[in-house]
Structure formats: structure tokens, C-alpha cells
Amino acid sequence: MEYLNRFESYLITSAEELVRFVEEVNHPNCRLMFDTFHANIEEKDLGNALRLCSKDLIHVQISENDRSTPGKGNINWESVFDALEEINYDGWLSIEAFSTKLAAANIWRKMFTSEEQLMQDGFEFMKAMLSREKTLKV
């Protein structure tokens, strides 16, 4: 299960609602995924939302606030990757970005030079975030 933002759905629109739904279904095949695009609209803190989802989290979609290349927008990626590390997440990470080729996504301007460049840049960004050194802030 994945929650969508309030502009696309009214059934389940937050991490809290999705966790409650999965708990009420109470079936081993009912798990959840987290999409940073939707969470960026609905959550005050993406890291806290991920922590809330941690028990049943099996997939994370790395999506920028405008569905462009991850790391090129305004998602708080430090919070996201700090939370993933804290909860010892070892599931799938995938990039979900849209181009003008997908009319249903309502993307009217070019968000990246090519799908290949998007994947290369996005993959490098994810690798950098996963391998970053943390520095103490005093």
C-alpha cells in the first residue's frame, strides 16, 4: 500500500493513516511503501514519517518535489536518509520521476535532459546520500 497526497486521493493521505490501515488489515502480505513526493506534501517531517512506517516498510520511492531528478529540488534528503539509516532499512529504493511522455502525470515542461541522464544522476545522488559521512554539528 502507498498513500497519495490530498490532491490525488482522499482515502489514505498520510503515514499515520497508512500505518493504521496496515495494522487493521493485519495480514503478512499487506505492507507499505513510502513515496517522498507524496510525503513532502502531506508530512511535516519526512524522517519522522519514515520512522512511523518502519515496522511494515518494504519499498521507498525516491521522488523529488517536482518529480525531477532526485537532489535537484527541495526535498529534505538529509532527514530521509538519516531516518532510513536509523531504522536499518534494507529494502528497495527506486526513483520515481516523470517526463512529458507520461501525459497522465501532467508534466508540461522538460524536467531532465533524458531518462538515461535522470537515472545516472539519480543513482549517483542516492549512492552519495547512502555513503555520506555525518559530521557533528555543535
# chains A, B, ... in the order shown; residues from 1 in each chain; ligands from 1
call {"tool": "residues_around", "arguments": {"residues": "region 7-12 of chain A", "least_positions_apart": "4", "cutoff": "12 Å", "atoms": "only C-alpha atoms", "output": "VMD selection string"}}
result
chain A and resid 1 to 3 16 to 22 32 37 to 39 41 to 42 104 to 105
call {"tool": "select_by_dssp", "arguments": {"residues": "region 12-105 of chain A", "states": "strand (DSSP E or B)", "output": "NGL selection string"}}
result
:A and (32-35 or 57-62 or 92-95)
call {"tool": "closest_residue", "arguments": {"among": "A:Phe34, A:Phe112, A:Phe125, A:Trp92", "to": "Gly71 (chain A)", "atoms": "only C-alpha atoms"}}
result
A:Phe125
call {"tool": "atom_distance", "arguments": {"atom1": "CA of Pro28 (chain A)", "atom2": "CA of Gly91 (chain A)"}}
result
16.0 Å
call {"tool": "closest_residue", "arguments": {"among": "A:Asn48, A:Leu118, A:Ala128, A:Glu133", "to": "Ile87 (chain A)", "atoms": "only C-alpha atoms"}}
result
A:Asn48
call {"tool": "decode", "arguments": {"residues": "region 110-124 of chain A", "atoms": "all heavy atoms", "output": "PDB file, in the first residue's frame"}}
result
ATOM      1  N   LYS A 110      10.075  20.109 -19.664  1.00  0.00           N
ATOM      2  CA  LYS A 110      11.127  19.101 -19.572  1.00  0.00           C
ATOM      3  C   LYS A 110      11.812  19.207 -18.211  1.00  0.00           C
ATOM      4  O   LYS A 110      12.296  20.274 -17.835  1.00  0.00           O
ATOM      5  CB  LYS A 110      12.126  19.319 -20.701  1.00  0.00           C
ATOM      6  CG  LYS A 110      12.992  18.149 -20.960  1.00  0.00           C
ATOM      7  CD  LYS A 110      13.718  18.304 -22.283  1.00  0.00           C
ATOM      8  CE  LYS A 110      14.441  17.003 -22.564  1.00  0.00           C
ATOM      9  NZ  LYS A 110      14.919  16.916 -23.908  1.00  0.00           N
ATOM     10  N   MET A 111      11.840  18.112 -17.471  1.00  0.00           N
ATOM     11  CA  MET A 111      12.381  18.096 -16.114  1.00  0.00           C
ATOM     12  C   MET A 111      13.841  17.624 -16.072  1.00  0.00           C
ATOM     13  O   MET A 111      14.513  17.816 -15.069  1.00  0.00           O
ATOM     14  CB  MET A 111      11.531  17.193 -15.225  1.00  0.00           C
ATOM     15  CG  MET A 111      10.055  17.545 -15.203  1.00  0.00           C
ATOM     16  SD  MET A 111       9.719  19.193 -14.644  1.00  0.00           S
ATOM     17  CE  MET A 111       9.827  18.967 -12.903  1.00  0.00           C
ATOM     18  N   PHE A 112      14.300  16.972 -17.141  1.00  0.00           N
ATOM     19  CA  PHE A 112      15.674  16.474 -17.208  1.00  0.00           C
ATOM     20  C   PHE A 112      16.006  16.272 -18.684  1.00  0.00           C
ATOM     21  O   PHE A 112      15.114  16.196 -19.531  1.00  0.00           O
ATOM     22  CB  PHE A 112      15.852  15.169 -16.414  1.00  0.00           C
ATOM     23  CG  PHE A 112      14.655  14.252 -16.472  1.00  0.00           C
ATOM     24  CD1 PHE A 112      14.442  13.403 -17.545  1.00  0.00           C
ATOM     25  CD2 PHE A 112      13.733  14.246 -15.437  1.00  0.00           C
ATOM     26  CE1 PHE A 112      13.330  12.572 -17.592  1.00  0.00           C
ATOM     27  CE2 PHE A 112      12.617  13.414 -15.462  1.00  0.00           C
ATOM     28  CZ  PHE A 112      12.422  12.575 -16.554  1.00  0.00           C
ATOM     29  N   THR A 113      17.296  16.184 -18.981  1.00  0.00           N
ATOM     30  CA  THR A 113      17.711  16.124 -20.385  1.00  0.00           C
ATOM     31  C   THR A 113      17.312  14.822 -21.061  1.00  0.00           C
ATOM     32  O   THR A 113      16.952  14.818 -22.230  1.00  0.00           O
ATOM     33  CB  THR A 113      19.229  16.344 -20.525  1.00  0.00           C
ATOM     34  OG1 THR A 113      19.911  15.394 -19.713  1.00  0.00           O
ATOM     35  CG2 THR A 113      19.613  17.745 -20.087  1.00  0.00           C
ATOM     36  N   SER A 114      17.385  13.719 -20.338  1.00  0.00           N
ATOM     37  CA  SER A 114      16.992  12.421 -20.887  1.00  0.00           C
ATOM     38  C   SER A 114      16.721  11.472 -19.736  1.00  0.00           C
ATOM     39  O   SER A 114      17.196  11.687 -18.612  1.00  0.00           O
ATOM     40  CB  SER A 114      18.097  11.844 -21.785  1.00  0.00           C
ATOM     41  OG  SER A 114      19.217  11.466 -20.995  1.00  0.00           O
ATOM     42  N   GLU A 115      15.988  10.418 -20.017  1.00  0.00           N
ATOM     43  CA  GLU A 115      15.719   9.413 -18.993  1.00  0.00           C
ATOM     44  C   GLU A 115      17.027   8.773 -18.522  1.00  0.00           C
ATOM     45  O   GLU A 115      17.195   8.470 -17.346  1.00  0.00           O
ATOM     46  CB  GLU A 115      14.745   8.354 -19.511  1.00  0.00           C
ATOM     47  CG  GLU A 115      13.297   8.812 -19.561  1.00  0.00           C
ATOM     48  CD  GLU A 115      12.967   9.704 -20.754  1.00  0.00           C
ATOM     49  OE1 GLU A 115      13.821   9.869 -21.656  1.00  0.00           O
ATOM     50  OE2 GLU A 115      11.850  10.257 -20.771  1.00  0.00           O
ATOM     51  N   GLU A 116      17.949   8.572 -19.457  1.00  0.00           N
ATOM     52  CA  GLU A 116      19.234   7.978 -19.106  1.00  0.00           C
ATOM     53  C   GLU A 116      20.010   8.886 -18.149  1.00  0.00           C
ATOM     54  O   GLU A 116      20.600   8.424 -17.174  1.00  0.00           O
ATOM     55  CB  GLU A 116      20.068   7.695 -20.361  1.00  0.00           C
ATOM     56  CG  GLU A 116      19.513   6.611 -21.254  1.00  0.00           C
ATOM     57  CD  GLU A 116      18.347   7.072 -22.147  1.00  0.00           C
ATOM     58  OE1 GLU A 116      18.084   8.304 -22.264  1.00  0.00           O
ATOM     59  OE2 GLU A 116      17.688   6.196 -22.726  1.00  0.00           O
ATOM     60  N   GLN A 117      20.003  10.188 -18.434  1.00  0.00           N
ATOM     61  CA  GLN A 117      20.697  11.139 -17.557  1.00  0.00           C
ATOM     62  C   GLN A 117      20.024  11.201 -16.191  1.00  0.00           C
ATOM     63  O   GLN A 117      20.693  11.265 -15.164  1.00  0.00           O
ATOM     64  CB  GLN A 117      20.737  12.526 -18.193  1.00  0.00           C
ATOM     65  CG  GLN A 117      21.653  13.494 -17.465  1.00  0.00           C
ATOM     66  CD  GLN A 117      23.108  13.071 -17.559  1.00  0.00           C
ATOM     67  OE1 GLN A 117      23.599  12.779 -18.639  1.00  0.00           O
ATOM     68  NE2 GLN A 117      23.796  13.025 -16.422  1.00  0.00           N
ATOM     69  N   LEU A 118      18.707  11.186 -16.178  1.00  0.00           N
ATOM     70  CA  LEU A 118      17.963  11.157 -14.917  1.00  0.00           C
ATOM     71  C   LEU A 118      18.400   9.973 -14.063  1.00  0.00           C
ATOM     72  O   LEU A 118      18.697  10.116 -12.878  1.00  0.00           O
ATOM     73  CB  LEU A 118      16.460  11.073 -15.181  1.00  0.00           C
ATOM     74  CG  LEU A 118      15.606  10.547 -14.027  1.00  0.00           C
ATOM     75  CD1 LEU A 118      15.446  11.598 -12.957  1.00  0.00           C
ATOM     76  CD2 LEU A 118      14.285  10.044 -14.516  1.00  0.00           C
ATOM     77  N   MET A 119      18.435   8.787 -14.656  1.00  0.00           N
ATOM     78  CA  MET A 119      18.797   7.589 -13.905  1.00  0.00           C
ATOM     79  C   MET A 119      20.245   7.640 -13.436  1.00  0.00           C
ATOM     80  O   MET A 119      20.552   7.297 -12.290  1.00  0.00           O
ATOM     81  CB  MET A 119      18.557   6.322 -14.740  1.00  0.00           C
ATOM     82  CG  MET A 119      17.090   6.017 -14.951  1.00  0.00           C
ATOM     83  SD  MET A 119      16.244   5.749 -13.378  1.00  0.00           S
ATOM     84  CE  MET A 119      14.915   6.908 -13.520  1.00  0.00           C
ATOM     85  N   GLN A 120      21.130   8.111 -14.288  1.00  0.00           N
ATOM     86  CA  GLN A 120      22.544   8.200 -13.906  1.00  0.00           C
ATOM     87  C   GLN A 120      22.732   9.192 -12.757  1.00  0.00           C
ATOM     88  O   GLN A 120      23.347   8.885 -11.747  1.00  0.00           O
ATOM     89  CB  GLN A 120      23.392   8.612 -15.100  1.00  0.00           C
ATOM     90  CG  GLN A 120      24.869   8.672 -14.797  1.00  0.00           C
ATOM     91  CD  GLN A 120      25.690   9.055 -16.020  1.00  0.00           C
ATOM     92  OE1 GLN A 120      25.171   9.470 -17.052  1.00  0.00           O
ATOM     93  NE2 GLN A 120      26.993   8.914 -15.904  1.00  0.00           N
ATOM     94  N   ASP A 121      22.171  10.389 -12.908  1.00  0.00           N
ATOM     95  CA  ASP A 121      22.307  11.409 -11.867  1.00  0.00           C
ATOM     96  C   ASP A 121      21.590  10.994 -10.584  1.00  0.00           C
ATOM     97  O   ASP A 121      22.104  11.196  -9.482  1.00  0.00           O
ATOM     98  CB  ASP A 121      21.755  12.753 -12.351  1.00  0.00           C
ATOM     99  CG  ASP A 121      22.588  13.369 -13.463  1.00  0.00           C
ATOM    100  OD1 ASP A 121      23.717  12.895 -13.724  1.00  0.00           O
ATOM    101  OD2 ASP A 121      22.096  14.333 -14.086  1.00  0.00           O
ATOM    102  N   GLY A 122      20.404  10.423 -10.722  1.00  0.00           N
ATOM    103  CA  GLY A 122      19.655   9.980  -9.551  1.00  0.00           C
ATOM    104  C   GLY A 122      20.359   8.867  -8.804  1.00  0.00           C
ATOM    105  O   GLY A 122      20.406   8.857  -7.567  1.00  0.00           O
ATOM    106  N   PHE A 123      20.923   7.924  -9.543  1.00  0.00           N
ATOM    107  CA  PHE A 123      21.649   6.817  -8.925  1.00  0.00           C
ATOM    108  C   PHE A 123      22.886   7.335  -8.185  1.00  0.00           C
ATOM    109  O   PHE A 123      23.150   6.934  -7.051  1.00  0.00           O
ATOM    110  CB  PHE A 123      22.033   5.782  -9.983  1.00  0.00           C
ATOM    111  CG  PHE A 123      22.752   4.591  -9.431  1.00  0.00           C
ATOM    112  CD1 PHE A 123      22.135   3.739  -8.530  1.00  0.00           C
ATOM    113  CD2 PHE A 123      24.051   4.313  -9.814  1.00  0.00           C
ATOM    114  CE1 PHE A 123      22.796   2.642  -8.012  1.00  0.00           C
ATOM    115  CE2 PHE A 123      24.726   3.221  -9.300  1.00  0.00           C
ATOM    116  CZ  PHE A 123      24.104   2.385  -8.404  1.00  0.00           C
ATOM    117  N   GLU A 124      23.620   8.232  -8.814  1.00  0.00           N
ATOM    118  CA  GLU A 124      24.803   8.809  -8.170  1.00  0.00           C
ATOM    119  C   GLU A 124      24.411   9.578  -6.914  1.00  0.00           C
ATOM    120  O   GLU A 124      25.104   9.523  -5.898  1.00  0.00           O
ATOM    121  CB  GLU A 124      25.567   9.709  -9.146  1.00  0.00           C
ATOM    122  CG  GLU A 124      26.245   8.953 -10.271  1.00  0.00           C
ATOM    123  CD  GLU A 124      27.240   7.905  -9.788  1.00  0.00           C
ATOM    124  OE1 GLU A 124      27.980   8.161  -8.804  1.00  0.00           O
ATOM    125  OE2 GLU A 124      27.273   6.800 -10.373  1.00  0.00           O
TER     126      GLU A 124
END
